[in-house]
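Everything below belongs to my_file.cif, which stores mmCIF, C-alpha atoms.
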```
data_final
loop_
_atom_site.group_PDB
_atom_site.id
_atom_site.type_symbol
_atom_site.label_atom_id
_atom_site.label_comp_id
_atom_site.auth_asym_id
_atom_site.auth_seq_id
_atom_site.Cartn_x
_atom_site.Cartn_y
_atom_site.Cartn_z
ATOM 1 C CA MET Y 1 -89.047 -170.509 -31.125
ATOM 2 C CA ARG Y 2 -91.293 -169.092 -33.857
ATOM 3 C CA THR Y 3 -88.320 -167.482 -35.620
ATOM 4 C CA LEU Y 4 -86.531 -170.835 -35.666
ATOM 5 C CA LEU Y 5 -89.649 -172.521 -37.059
ATOM 6 C CA ASN Y 6 -89.932 -169.831 -39.731
ATOM 7 C CA LEU Y 7 -86.264 -170.177 -40.695
ATOM 8 C CA GLY Y 8 -86.467 -173.966 -40.643
ATOM 9 C CA CYS Y 9 -89.507 -173.974 -42.911
ATOM 10 C CA PHE Y 10 -87.806 -171.473 -45.235
ATOM 11 C CA HIS Y 11 -84.589 -173.483 -45.548
ATOM 12 C CA GLY Y 12 -86.401 -176.816 -45.820
ATOM 13 C CA THR Y 13 -88.615 -175.508 -48.611
ATOM 14 C CA TRP Y 14 -85.622 -173.996 -50.411
ATOM 15 C CA LEU Y 15 -83.760 -177.305 -50.327
ATOM 16 C CA VAL Y 16 -86.763 -179.329 -51.500
ATOM 17 C CA ALA Y 17 -87.497 -176.874 -54.337
ATOM 18 C CA VAL Y 18 -83.898 -176.718 -55.548
ATOM 19 C CA PHE Y 19 -83.209 -180.434 -55.359
ATOM 20 C CA GLY Y 20 -86.611 -181.179 -56.880
ATOM 21 C CA ALA Y 21 -85.695 -178.891 -59.781
ATOM 22 C CA ALA Y 22 -82.332 -180.658 -60.081
ATOM 23 C CA THR Y 23 -84.242 -183.843 -60.864
ATOM 24 C CA GLY Y 24 -86.638 -182.094 -63.239
ATOM 25 C CA ARG Y 25 -89.577 -181.901 -60.832
ATOM 26 C CA VAL Y 26 -91.444 -178.728 -59.929
ATOM 27 C CA TRP Y 27 -94.005 -180.295 -57.597
ATOM 28 C CA PRO Y 28 -91.742 -181.083 -54.599
ATOM 29 C CA GLY Y 29 -91.021 -177.395 -54.029
ATOM 30 C CA ALA Y 30 -94.670 -176.396 -54.431
ATOM 31 C CA VAL Y 31 -95.757 -179.125 -52.004
ATOM 32 C CA ALA Y 32 -93.042 -178.137 -49.511
ATOM 33 C CA LEU Y 33 -94.157 -174.495 -49.722
ATOM 34 C CA ALA Y 34 -97.796 -175.456 -49.126
ATOM 35 C CA ILE Y 35 -96.812 -177.598 -46.134
ATOM 36 C CA SER Y 36 -94.577 -174.820 -44.776
ATOM 37 C CA ILE Y 37 -97.389 -172.264 -44.987
ATOM 38 C CA ALA Y 38 -99.894 -174.708 -43.472
ATOM 39 C CA VAL Y 39 -97.598 -175.551 -40.556
ATOM 40 C CA GLN Y 40 -96.827 -171.900 -39.845
ATOM 41 C CA SER Y 41 -100.510 -170.948 -40.152
ATOM 42 C CA ALA Y 42 -101.704 -173.546 -37.657
ATOM 43 C CA PRO Y 43 -103.813 -171.991 -34.866
ATOM 44 C CA ARG Y 44 -101.357 -172.854 -32.091
ATOM 45 C CA VAL Y 45 -98.282 -171.702 -34.009
ATOM 46 C CA PRO Y 46 -97.572 -167.995 -33.463
ATOM 47 C CA VAL Y 47 -95.585 -167.446 -36.682
ATOM 48 C CA LYS Y 48 -96.434 -164.189 -38.429
ATOM 49 C CA LEU Y 49 -96.976 -164.943 -42.092
ATOM 50 C CA PRO Y 50 -97.380 -162.148 -44.640
ATOM 51 C CA SER Y 51 -100.529 -161.434 -46.577
ATOM 52 C CA ILE Y 52 -101.383 -163.253 -49.769
ATOM 53 C CA GLY Y 53 -100.836 -159.912 -51.499
ATOM 54 C CA LEU Y 54 -97.208 -159.751 -50.377
ATOM 55 C CA LEU Y 55 -96.644 -163.348 -51.467
ATOM 56 C CA ALA Y 56 -98.072 -162.521 -54.909
ATOM 57 C CA ILE Y 57 -96.049 -159.292 -55.195
ATOM 58 C CA SER Y 58 -92.900 -161.186 -54.256
ATOM 59 C CA ALA Y 59 -93.613 -163.787 -56.946
ATOM 60 C CA ALA Y 60 -94.189 -161.015 -59.519
ATOM 61 C CA ILE Y 61 -90.978 -159.197 -58.556
ATOM 62 C CA GLY Y 62 -89.097 -162.486 -58.730
ATOM 63 C CA LEU Y 63 -90.543 -163.175 -62.179
ATOM 64 C CA ALA Y 64 -89.422 -159.720 -63.346
ATOM 65 C CA VAL Y 65 -85.936 -159.952 -61.789
ATOM 66 C CA ASP Y 66 -85.223 -163.472 -62.985
ATOM 67 C CA SER Y 67 -86.700 -162.772 -66.438
ATOM 68 C CA ALA Y 68 -84.455 -159.733 -66.784
ATOM 69 C CA LEU Y 69 -81.418 -161.813 -65.820
ATOM 70 C CA VAL Y 70 -82.325 -164.509 -68.353
ATOM 71 C CA LEU Y 71 -83.098 -162.023 -71.134
ATOM 72 C CA ALA Y 72 -79.825 -160.178 -70.399
ATOM 73 C CA GLU Y 73 -78.103 -163.562 -70.790
ATOM 74 C CA LEU Y 74 -76.632 -163.314 -67.293
ATOM 75 C CA MET Y 75 -78.454 -166.442 -66.124
ATOM 76 C CA SER Y 76 -79.835 -169.593 -67.697
ATOM 77 C CA PHE Y 77 -81.359 -172.857 -66.577
ATOM 78 C CA PRO Y 78 -80.263 -176.360 -67.557
ATOM 79 C CA GLU Y 79 -82.804 -178.457 -69.437
ATOM 80 C CA GLN Y 80 -83.957 -180.517 -66.437
ATOM 81 C CA ALA Y 81 -84.684 -177.372 -64.381
ATOM 82 C CA ARG Y 82 -86.434 -175.382 -67.118
ATOM 83 C CA ALA Y 83 -90.144 -175.995 -66.382
ATOM 84 C CA GLY Y 84 -91.441 -172.610 -67.523
ATOM 85 C CA TRP Y 85 -89.780 -169.661 -69.196
ATOM 86 C CA PRO Y 86 -87.976 -167.334 -68.852
ATOM 87 C CA PRO Y 87 -87.577 -168.315 -65.198
ATOM 88 C CA PRO Y 88 -88.953 -171.719 -64.343
ATOM 89 C CA VAL Y 89 -91.978 -172.170 -62.093
ATOM 90 C CA TRP Y 90 -89.890 -173.466 -59.195
ATOM 91 C CA MET Y 91 -88.151 -170.073 -59.004
ATOM 92 C CA SER Y 92 -91.508 -168.472 -58.145
ATOM 93 C CA VAL Y 93 -91.789 -170.986 -55.304
ATOM 94 C CA LEU Y 94 -88.451 -169.680 -53.996
ATOM 95 C CA TRP Y 95 -89.573 -166.051 -54.177
ATOM 96 C CA ILE Y 96 -92.840 -166.821 -52.359
ATOM 97 C CA ASN Y 97 -90.871 -168.858 -49.844
ATOM 98 C CA PHE Y 98 -88.583 -165.854 -49.257
ATOM 99 C CA ALA Y 99 -91.637 -163.649 -48.660
ATOM 100 C CA THR Y 100 -92.796 -165.977 -45.862
ATOM 101 C CA THR Y 101 -89.849 -164.738 -43.798
ATOM 102 C CA LEU Y 102 -90.567 -161.013 -44.131
ATOM 103 C CA ASP Y 103 -93.042 -160.775 -41.244
ATOM 104 C CA GLU Y 104 -91.146 -163.076 -38.886
ATOM 105 C CA SER Y 105 -87.467 -163.987 -39.101
ATOM 106 C CA LEU Y 106 -86.572 -161.110 -41.443
ATOM 107 C CA ALA Y 107 -89.008 -158.522 -40.022
ATOM 108 C CA TRP Y 108 -85.997 -156.540 -38.748
ATOM 109 C CA ALA Y 109 -85.230 -155.597 -42.365
ATOM 110 C CA GLY Y 110 -88.280 -153.326 -42.542
ATOM 111 C CA GLU Y 111 -86.667 -151.116 -39.886
ATOM 112 C CA ARG Y 112 -83.029 -151.361 -40.979
ATOM 113 C CA TRP Y 113 -82.858 -150.643 -44.686
ATOM 114 C CA ILE Y 114 -79.083 -150.275 -44.930
ATOM 115 C CA ALA Y 115 -78.556 -153.586 -43.125
ATOM 116 C CA ALA Y 116 -81.210 -155.139 -45.391
ATOM 117 C CA ALA Y 117 -79.433 -153.811 -48.485
ATOM 118 C CA LEU Y 118 -76.120 -155.227 -47.284
ATOM 119 C CA ALA Y 119 -77.735 -158.563 -46.377
ATOM 120 C CA GLY Y 120 -79.447 -158.672 -49.770
ATOM 121 C CA ALA Y 121 -76.209 -157.797 -51.564
ATOM 122 C CA ALA Y 122 -74.463 -160.696 -49.826
ATOM 123 C CA GLY Y 123 -77.225 -163.275 -49.459
ATOM 124 C CA GLY Y 124 -78.985 -162.915 -52.795
ATOM 125 C CA PRO Y 125 -76.000 -163.851 -54.964
ATOM 126 C CA LEU Y 126 -75.045 -166.633 -52.549
ATOM 127 C CA THR Y 127 -78.407 -168.352 -53.069
ATOM 128 C CA TYR Y 128 -77.958 -168.257 -56.845
ATOM 129 C CA LEU Y 129 -74.404 -169.578 -56.474
ATOM 130 C CA ALA Y 130 -75.781 -172.390 -54.294
ATOM 131 C CA GLY Y 131 -78.364 -173.091 -57.004
ATOM 132 C CA GLN Y 132 -75.559 -173.196 -59.546
ATOM 133 C CA ALA Y 133 -73.657 -175.683 -57.370
ATOM 134 C CA ALA Y 134 -76.830 -177.808 -57.209
ATOM 135 C CA GLY Y 135 -77.027 -177.732 -61.018
ATOM 136 C CA VAL Y 136 -80.333 -175.855 -61.357
ATOM 137 C CA VAL Y 137 -79.107 -172.464 -62.561
ATOM 138 C CA ARG Y 138 -76.147 -171.229 -64.577
ATOM 139 C CA LEU Y 139 -74.664 -167.811 -63.965
ATOM 140 C CA GLU Y 140 -73.398 -166.826 -67.384
ATOM 141 C CA SER Y 141 -70.408 -164.504 -67.742
ATOM 142 C CA GLY Y 142 -69.447 -165.115 -64.098
ATOM 143 C CA PRO Y 143 -68.528 -161.814 -62.452
ATOM 144 C CA GLU Y 144 -71.091 -159.706 -64.373
ATOM 145 C CA ALA Y 145 -73.927 -161.976 -63.227
ATOM 146 C CA VAL Y 146 -72.773 -161.823 -59.610
ATOM 147 C CA VAL Y 147 -72.491 -158.016 -59.773
ATOM 148 C CA ALA Y 148 -76.003 -157.790 -61.268
ATOM 149 C CA LEU Y 149 -77.377 -160.086 -58.550
ATOM 150 C CA THR Y 150 -75.602 -158.057 -55.870
ATOM 151 C CA ILE Y 151 -77.160 -154.814 -57.088
ATOM 152 C CA LEU Y 152 -80.614 -156.313 -57.639
ATOM 153 C CA TRP Y 153 -80.754 -157.959 -54.214
ATOM 154 C CA ALA Y 154 -79.405 -154.816 -52.506
ATOM 155 C CA LEU Y 155 -82.511 -153.098 -53.890
ATOM 156 C CA VAL Y 156 -85.105 -155.880 -53.808
ATOM 157 C CA PHE Y 157 -84.654 -157.097 -50.232
ATOM 158 C CA PRO Y 158 -85.104 -153.697 -48.543
ATOM 159 C CA ALA Y 159 -87.988 -152.863 -50.910
ATOM 160 C CA LEU Y 160 -89.859 -156.087 -50.107
ATOM 161 C CA ALA Y 161 -89.089 -155.655 -46.391
ATOM 162 C CA ALA Y 162 -90.449 -152.088 -46.471
ATOM 163 C CA LEU Y 163 -93.564 -153.287 -48.302
ATOM 164 C CA ALA Y 164 -94.065 -156.053 -45.727
ATOM 165 C CA LYS Y 165 -93.715 -153.524 -42.897
ATOM 166 C CA SER Y 166 -96.199 -151.174 -44.563
ATOM 167 C CA LEU Y 167 -98.760 -153.945 -45.139
ATOM 168 C CA ARG Y 168 -98.282 -155.182 -41.560
ATOM 169 C CA SER Y 169 -98.800 -151.651 -40.176
ATOM 170 C CA ARG Y 170 -101.884 -151.137 -42.323
ATOM 171 C CA ALA Y 171 -103.357 -154.458 -41.181
ATOM 172 C CA LEU Y 172 -102.710 -153.549 -37.524
ATOM 173 C CA SER Y 173 -104.257 -150.100 -37.906
ATOM 174 C CA THR Y 174 -107.408 -151.476 -39.535
ATOM 175 C CA GLY Y 175 -107.737 -154.185 -36.894
ATOM 176 C CA ARG Y 176 -107.249 -157.063 -39.335
ATOM 177 C CA LEU Y 177 -104.335 -158.333 -37.248
ATOM 178 C CA ALA Y 178 -103.899 -158.556 -33.525
ATOM 179 C CA PRO Y 179 -100.598 -157.126 -32.204
ATOM 180 C CA GLU Y 180 -99.096 -160.620 -32.208
ATOM 181 C CA GLY Y 181 -99.592 -160.857 -35.976
ATOM 182 C CA ARG Y 182 -102.530 -163.275 -35.759
ATOM 183 C CA ALA Y 183 -106.106 -162.685 -36.781
ATOM 184 C CA PRO Y 184 -108.200 -161.263 -33.864
#
```
In structure tokens, how does this file's structure come out?
Amino acid sequence: MRTLLNLGCFHGTWLVAVFGAATGRVWPGAVALAISIAVQSAPRVPVKLPSIGLLAISAAIGLAVDSALVLAELMSFPEQARAGWPPPVWMSVLWINFATTLDESLAWAGERWIAAALAGAAGGPLTYLAGQAAGVVRLESGPEAVVALTILWALVFPALAALAKSLRSRALSTGRLAPEGRAP
């Protein structure tokens, strides 16, 4: 049940952020992310959310990855979706949103790095292609951008999953988390 809630919150936030950006609004995605985190953090909801540190690291990695893609002219953003630069603010919402899955629905990736690399290689580019279909991102030079995204996500997903696993293990060993992933 908690995995389904985590996935539902992830997908709902993604949709709100992307379609908000399509209409030139950053705030719907940020509000959806805040609601998603609040719902999953409720005392009676056993969803394991990552630390604030992992959320911040994910946002920073996303800023670096997306900035590199923009500066390499492999990706751009249409005018209505360009609130911020090089990647718009709503893209950071998506990276933080992704990080909310790393201790719950995607926790398996911390143990299975090859599977995580393959999932990242497939899923990462697909999300950008979906964003392109929604009109919020443009993948310039077609195949080169998809190849770059494939390589980046094959590296980024397992790295973030390994970091999440390490932070989770450290929190358990110091007693900051109960075995169920909740504060003691």
Please enclose the listed atoms of region 151-154 of chain Y in an axis-aligned box, pad each side by 6 Å, and write out the centre and the three edge lengths in Å, rounded to one decimal, as AutoDock Vina command-line options.
```
--center_x -79.0 --center_y -156.4 --center_z -55.1 --size_x 15.6 --size_y 15.1 --size_z 17.1
```
Once the PyMOL selection byres ((chain Y and resi 162) around 10) has been applied to the shown file, what residues remain in the selection, as a ChimeraX atom specification? /Y:102,107-113,116,156-161,163-168
Selection under test: the PyMOL selection byres ((chain Y and resi 153) around 10); residues as a list of chain:residue names: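 For this structure, the PyMOL selection byres ((chain Y and resi 153) around 10) resolves to Y:Val65, Y:Ala116, Y:Ala117, Y:Leu118, Y:Ala119, Y:Gly120, Y:Ala121, Y:Ala122, Y:Gly123, Y:Gly124, Y:Pro125, Y:Val147, Y:Ala148, Y:Leu149, Y:Thr150, Y:Ile151, Y:Leu152, Y:Ala154, Y:Leu155, Y:Val156, Y:Phe157, Y:Pro158, Y:Ala159.
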Which residues fall under the PyMOL selection byres ((chain Y and resi 64) around 12) in this file, as a PDB file with C-alpha atoms, keeping the file's coordinate frame?
```
ATOM      1  CA  ILE Y  57     -96.049-159.292 -55.195  1.00  0.00           C
ATOM      2  CA  SER Y  58     -92.900-161.186 -54.256  1.00  0.00           C
ATOM      3  CA  ALA Y  59     -93.613-163.787 -56.946  1.00  0.00           C
ATOM      4  CA  ALA Y  60     -94.189-161.015 -59.519  1.00  0.00           C
ATOM      5  CA  ILE Y  61     -90.978-159.197 -58.556  1.00  0.00           C
ATOM      6  CA  GLY Y  62     -89.097-162.486 -58.730  1.00  0.00           C
ATOM      7  CA  LEU Y  63     -90.543-163.175 -62.179  1.00  0.00           C
ATOM      8  CA  VAL Y  65     -85.936-159.952 -61.789  1.00  0.00           C
ATOM      9  CA  ASP Y  66     -85.223-163.472 -62.985  1.00  0.00           C
ATOM     10  CA  SER Y  67     -86.700-162.772 -66.438  1.00  0.00           C
ATOM     11  CA  ALA Y  68     -84.455-159.733 -66.784  1.00  0.00           C
ATOM     12  CA  LEU Y  69     -81.418-161.813 -65.820  1.00  0.00           C
ATOM     13  CA  VAL Y  70     -82.325-164.509 -68.353  1.00  0.00           C
ATOM     14  CA  LEU Y  71     -83.098-162.023 -71.134  1.00  0.00           C
ATOM     15  CA  ALA Y  72     -79.825-160.178 -70.399  1.00  0.00           C
ATOM     16  CA  TRP Y  85     -89.780-169.661 -69.196  1.00  0.00           C
ATOM     17  CA  PRO Y  86     -87.976-167.334 -68.852  1.00  0.00           C
ATOM     18  CA  PRO Y  87     -87.577-168.315 -65.198  1.00  0.00           C
ATOM     19  CA  MET Y  91     -88.151-170.073 -59.004  1.00  0.00           C
ATOM     20  CA  SER Y  92     -91.508-168.472 -58.145  1.00  0.00           C
ATOM     21  CA  TRP Y  95     -89.573-166.051 -54.177  1.00  0.00           C
ATOM     22  CA  LEU Y 152     -80.614-156.313 -57.639  1.00  0.00           C
ATOM     23  CA  VAL Y 156     -85.105-155.880 -53.808  1.00  0.00           C
TER      24      VAL Y 156
END
```
As an exercise, work out the distance from CA of Asp103 (chain Y) to CA of Thr127 (chain Y) in Å and give it to one decimal place.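 If I compute the distance from CA of Asp103 (chain Y) to CA of Thr127 (chain Y), I get 20.3 Å.
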Residue contacts of region 134-146 of chain Y (7 Å, all atoms listed in the file) excluding same-chain residues fewer than 2 positions away, as a count of residues only: 17
Counting all atoms listed in the file, figure out which residue out of Y:Pro88, Y:Pro43, Y:Pro50, Y:Gly12 gets nearest to Val31 (chain Y).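 For Val31 (chain Y), the nearest of the candidates is Y:Gly12.
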Exercise: region 26-29 of chain Y partners within 6 Å, only C-alpha atoms, chain neighbours under 4 positions left out, as a list in words: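 Contacts, in chain order: Val16, Ala17, Gly20, Ala21 and Trp90 of chain Y.
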State, in Å with one decimal place, the distance from CA of Ser169 (chain Y) to CA of Ser51 (chain Y).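 According to the coordinates, CA of Ser169 (chain Y) and CA of Ser51 (chain Y) are separated by 11.8 Å.
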Which value, in Å to one decimal, gives the distance between CA of Val47 (chain Y) and CA of Ala99 (chain Y)? 13.2 Å
Contacts of Phe10 (chain Y) at 12 Å (only C-alpha atoms; same-chain gap of 2+ positions) as a ChimeraX atom specification: /Y:3-8,12-17,29,32-37,39-40,49,93-102,104-106
Could you rebuild region 114-125 of chain Y with N, CA, C and O atoms and give me the result as a PDB file, in the coordinates of the input?
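Written output follows (selection01.pdb):
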```pdb
ATOM      1  N   ILE Y 114     -80.482-150.137 -44.512  1.00  0.00           N
ATOM      2  CA  ILE Y 114     -79.083-150.275 -44.930  1.00  0.00           C
ATOM      3  C   ILE Y 114     -78.601-151.691 -44.639  1.00  0.00           C
ATOM      4  O   ILE Y 114     -77.960-152.325 -45.488  1.00  0.00           O
ATOM      5  N   ALA Y 115     -78.926-152.203 -43.460  1.00  0.00           N
ATOM      6  CA  ALA Y 115     -78.556-153.586 -43.125  1.00  0.00           C
ATOM      7  C   ALA Y 115     -79.241-154.553 -44.088  1.00  0.00           C
ATOM      8  O   ALA Y 115     -78.633-155.544 -44.512  1.00  0.00           O
ATOM      9  N   ALA Y 116     -80.489-154.274 -44.444  1.00  0.00           N
ATOM     10  CA  ALA Y 116     -81.210-155.139 -45.391  1.00  0.00           C
ATOM     11  C   ALA Y 116     -80.542-155.092 -46.764  1.00  0.00           C
ATOM     12  O   ALA Y 116     -80.406-156.129 -47.431  1.00  0.00           O
ATOM     13  N   ALA Y 117     -80.114-153.918 -47.190  1.00  0.00           N
ATOM     14  CA  ALA Y 117     -79.433-153.811 -48.485  1.00  0.00           C
ATOM     15  C   ALA Y 117     -78.124-154.598 -48.475  1.00  0.00           C
ATOM     16  O   ALA Y 117     -77.809-155.312 -49.440  1.00  0.00           O
ATOM     17  N   LEU Y 118     -77.380-154.481 -47.384  1.00  0.00           N
ATOM     18  CA  LEU Y 118     -76.120-155.227 -47.284  1.00  0.00           C
ATOM     19  C   LEU Y 118     -76.375-156.737 -47.225  1.00  0.00           C
ATOM     20  O   LEU Y 118     -75.663-157.523 -47.863  1.00  0.00           O
ATOM     21  N   ALA Y 119     -77.398-157.136 -46.457  1.00  0.00           N
ATOM     22  CA  ALA Y 119     -77.735-158.563 -46.377  1.00  0.00           C
ATOM     23  C   ALA Y 119     -78.203-159.079 -47.734  1.00  0.00           C
ATOM     24  O   ALA Y 119     -77.842-160.183 -48.146  1.00  0.00           O
ATOM     25  N   GLY Y 120     -78.997-158.280 -48.437  1.00  0.00           N
ATOM     26  CA  GLY Y 120     -79.447-158.672 -49.770  1.00  0.00           C
ATOM     27  C   GLY Y 120     -78.289-158.772 -50.745  1.00  0.00           C
ATOM     28  O   GLY Y 120     -78.208-159.708 -51.542  1.00  0.00           O
ATOM     29  N   ALA Y 121     -77.372-157.805 -50.673  1.00  0.00           N
ATOM     30  CA  ALA Y 121     -76.209-157.797 -51.564  1.00  0.00           C
ATOM     31  C   ALA Y 121     -75.333-159.025 -51.354  1.00  0.00           C
ATOM     32  O   ALA Y 121     -74.745-159.552 -52.300  1.00  0.00           O
ATOM     33  N   ALA Y 122     -75.275-159.504 -50.125  1.00  0.00           N
ATOM     34  CA  ALA Y 122     -74.463-160.696 -49.826  1.00  0.00           C
ATOM     35  C   ALA Y 122     -75.260-161.983 -50.035  1.00  0.00           C
ATOM     36  O   ALA Y 122     -74.803-162.915 -50.700  1.00  0.00           O
ATOM     37  N   GLY Y 123     -76.454-162.033 -49.455  1.00  0.00           N
ATOM     38  CA  GLY Y 123     -77.225-163.275 -49.459  1.00  0.00           C
ATOM     39  C   GLY Y 123     -77.864-163.628 -50.780  1.00  0.00           C
ATOM     40  O   GLY Y 123     -77.942-164.812 -51.143  1.00  0.00           O
ATOM     41  N   GLY Y 124     -78.333-162.633 -51.512  1.00  0.00           N
ATOM     42  CA  GLY Y 124     -78.985-162.915 -52.795  1.00  0.00           C
ATOM     43  C   GLY Y 124     -78.079-163.682 -53.757  1.00  0.00           C
ATOM     44  O   GLY Y 124     -78.426-164.774 -54.212  1.00  0.00           O
ATOM     45  N   PRO Y 125     -76.900-163.130 -54.064  1.00  0.00           N
ATOM     46  CA  PRO Y 125     -76.000-163.851 -54.964  1.00  0.00           C
ATOM     47  C   PRO Y 125     -75.590-165.228 -54.436  1.00  0.00           C
ATOM     48  O   PRO Y 125     -75.436-166.171 -55.213  1.00  0.00           O
TER      49      PRO Y 125
END
```
